[in-house]
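These notes are about the structure you will find just below.
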Amino acid sequence: MKVFYSETHRKHEPTFEVFDGGLRTPYLENPDRMDRILTALGGADWVDVIEPTDFGLDPILAVHDENYIHFLASSWTEWLASNPKDPSTLLPATFALRRHPQRPSSLLGRAGYYMMDLSACIVEGTYEAALSSANCALSAAQSTVNVQRSAFALCRPPGHHAGKDYAAGYCFINNAAVAANWLSSKGKVALLDMDYHCGNGTQDIFYEREDVLTISIHADPNFEYPHFIGFADERGEGQGLGFHHNFPLPSGTDDAAYLVALERALVLIREFTPAYLVISAGMDIYADDPLGTIKVTTDGIAEIGKRIAALELPTVIVMEGGYNNDALGRNTVGFLSAFE
Ligand code: SP5
Ligand code: ZN
């Protein structure tokens, strides 16, 4: 299997994020995650690690707002020029609420306008890393076209919380959405998000589209981040009505209960008859994930991979979350091995 990966992710290494209650916590979405996965992949003879090609900005701007991308590109220089007390991290403390907020000219005003929470920390190399992450997803997508083969985009930073014009939850550019949108010119695309957290950014981006079916299986937003989106009654809008599905799960969901939800999602995907499948592959459904409350085991994750692979679709597997670094390598490789 082709694995698209770039070392550029190392340039994005925030030292902290802020948890509820204002707790400054070491940044869970760290470069070590990739090292753990690469080490585990190194033991597999069916893996071919490849540098992504540069697709330029066009496929990214086909999904994201131009002013938002401009903000990502220019904010670091502006942040340093503002002489902040702690220059290590650009992180606003005031956020735009609903009610048609206006976009102000100040850097911190724009940061609050374009960010949803206190985990989308911007450091010097964030934009460059986010671009290379998107190029991994695009390269993986391109490699599946006209070949009945699947590919793995080993993306970092992850992407599924990033919307058209906002960063959130460690995500800046929505890698899976960029890949799915790029593929949608070649045929119908289904995107299945199995990260522990609702793929709110992906949901927002495709909500009014009927040519990309989006499905997210995740912890119920009644108790879990991203809190305000991901409920079962959100089914798409306009042309897209009926082409989005959420499967909110209770905490403690085990392998058997997870597989019930997955099978329902797979039925919807089969009915849609897509030409391509994109998976937002988050491993934070794992029982011992520090951010998760769902109790899927390593064997359960491998079984999820088998059931998805049984669709026999050219599949672009895009790395999202997963924060138990000790288990991340084996969980990811266990999932992938069904697609080799
Ligand atoms: C890509 C991805 O998985 N992003 C996840 C971002 C989640 N950020 C919200 C963290 C909420 C912190 N709750 C702390 C619970 C610790 N037991
Ligand atoms: Zn997650």
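Here, A, B, ... name the chains of the structure tokens in the order displayed, residue numbers run from 1 inside each chain, and ligands are numbered from 1 in the same displayed order.
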
* Identify all residues of stretch 131-252 of chain A in helix (DSSP H, G or I) (DSSP on the backbone) and supply them as an MDAnalysis selection string. => chainID A and resid 131:144 175:183 200:206 238:240

Item to complete: Could you give me, as a PyMOL selection string, every polymer residue with an atom at most 6 Å away from an atom of ligand 2, counting only C-alpha atoms and all ligand atoms?
Response: chain A and resi 195-197+282+284+321

Exercise answer, 8 Å around ligand 1 with only C-alpha atoms and all ligand atoms, as a list in words:
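Checking only C-alpha atoms and all ligand atoms against ligand 1 at 8 Å gives Phe19, Asp20, Glu29, Ser119, Pro158, Gly159, His160, His161, Ala168, Gly169, Tyr170, Cys171, Asp195, Tyr196, His197, Glu224, Tyr225, Pro226, Gly282, Asp284, Pro290, Leu291, Gly292, Glu320, Gly321, Gly322 and Tyr323 of chain A.
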
Quiz item: Pick from A:Val49, A:Leu336, A:Ile37, A:Ile69: nearest to A:Asp165, with only C-alpha atoms counted?
Solution: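 Counting only C-alpha atoms, the residue closest to A:Asp165 is A:Ile69.
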
query = Counting only C-alpha atoms, what is within 6 Å of stretch 300-312 of chain A, bar same-chain residues fewer than 2 positions away, as a list in words?
reply =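 My reading of the contact set: Asp255, Val296, Thr297, Thr298, Gly334, Phe335, Ala338 and Phe339 of chain A.
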
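Among A:Cys155, A:Leu72, A:Leu80, A:Leu268, the residue with the shortest atom-to-atom distance to A:Met319, counting only C-alpha atoms, is A:Cys155.
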
Across A:Tyr276, A:Ile217, A:Ile229, A:Met1, the smallest distance to A:Arg264, with only C-alpha atoms counted, is shown by A:Ile217

(message) List as a VMD selection string the protein and nucleic acid residues near A:Ser185, meaning an atom at most 12 Å away when only C-alpha atoms are counted, but skip any in the same chain fewer than 2 places from it.
(response) chain A and resid 59 62 141 to 142 145 178 to 183 187 to 189 211 to 212 275 to 276

With C-alpha atoms kept, could you save the residues just selected as a short mmCIF file (atom, residue, chain, number, x, y, z; two decimals), in the first residue's frame?
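Below you can see part_7.cif, which holds the result:
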data_model
loop_
_atom_site.label_atom_id
_atom_site.label_comp_id
_atom_site.auth_asym_id
_atom_site.auth_seq_id
_atom_site.Cartn_x
_atom_site.Cartn_y
_atom_site.Cartn_z
CA PRO A 59 -7.67 22.26 -4.56
CA ALA A 62 -11.97 24.77 -3.69
CA ALA A 141 -6.44 10.49 -3.68
CA GLN A 142 -4.65 10.83 -7.00
CA VAL A 145 -7.72 7.09 -9.58
CA VAL A 178 -9.91 18.53 0.16
CA ALA A 179 -9.22 14.97 -1.09
CA ALA A 180 -12.94 14.09 -1.32
CA ASN A 181 -13.73 17.29 -3.19
CA TRP A 182 -10.83 16.69 -5.59
CA LEU A 183 -12.09 13.13 -6.21
CA GLY A 187 -17.09 10.25 -9.60
CA LYS A 188 -19.38 10.08 -6.58
CA VAL A 189 -17.54 10.07 -3.26
CA ASP A 211 -22.44 14.31 -4.82
CA VAL A 212 -20.44 13.65 -1.65
CA ALA A 275 -16.88 5.45 -7.08
CA TYR A 276 -14.49 6.40 -4.27
#

Next on the checklist: Just checking: using only C-alpha atoms, which residue out of A:Lys85, A:Arg330, A:Arg156, A:Lys186 ends up closest to A:Ala129?
Outcome noted: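 The closest residue to A:Ala129 is A:Arg156.
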
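Nearest-residue note for A:Tyr114: choosing from A:Glu66, A:Glu340, A:Glu271, A:Asp45, the minimum distance belongs to A:Glu66, counting only C-alpha atoms.
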
Computed interatomic separation between atom CA of A:Asp254 and atom CA of A:Met283 (Å) |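 Atom-to-atom, atom CA of A:Asp254 to atom CA of A:Met283, that is 14.2 Å.
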
- Task: Please indicate the distance in Å from atom CA of A:Phe247 to atom CA of A:Leu277, rounded to one decimal place.
- Result: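 Calculated distance between atom CA of A:Phe247 and atom CA of A:Leu277 is 18.0 Å.
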
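For the choices A:Gly42, A:Pro84, A:Pro157, A:Gly238, the atom-to-atom distance to A:His12 is smallest for A:Pro157 when using only C-alpha atoms.
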
At a cut-off of 7 Å, using only C-alpha atoms, what residues contact A:Ala151? Leave out same-chain residues fewer than 2 positions from it and give the result as a PDB file with C-alpha atoms, in the first residue's frame.
ATOM      1  CA  MET A   1       0.000   0.000   0.000  1.00  0.00           C
ATOM      2  CA  LYS A   2       1.198   3.497  -0.799  1.00  0.00           C
ATOM      3  CA  VAL A   3       1.638   5.669   2.284  1.00  0.00           C
ATOM      4  CA  ALA A 140      -3.200   9.566  -1.880  1.00  0.00           C
ATOM      5  CA  THR A 144      -6.322   5.683  -6.323  1.00  0.00           C
ATOM      6  CA  ARG A 149      -6.142   0.261  -4.984  1.00  0.00           C
ATOM      7  CA  ALA A 153      -2.420   9.611   3.777  1.00  0.00           C
ATOM      8  CA  THR A 315     -10.274   4.004  -0.574  1.00  0.00           C
ATOM      9  CA  VAL A 316      -8.271   6.999   0.603  1.00  0.00           C
ATOM     10  CA  ILE A 317      -7.522   6.518   4.284  1.00  0.00           C
TER      11      ILE A 317
END
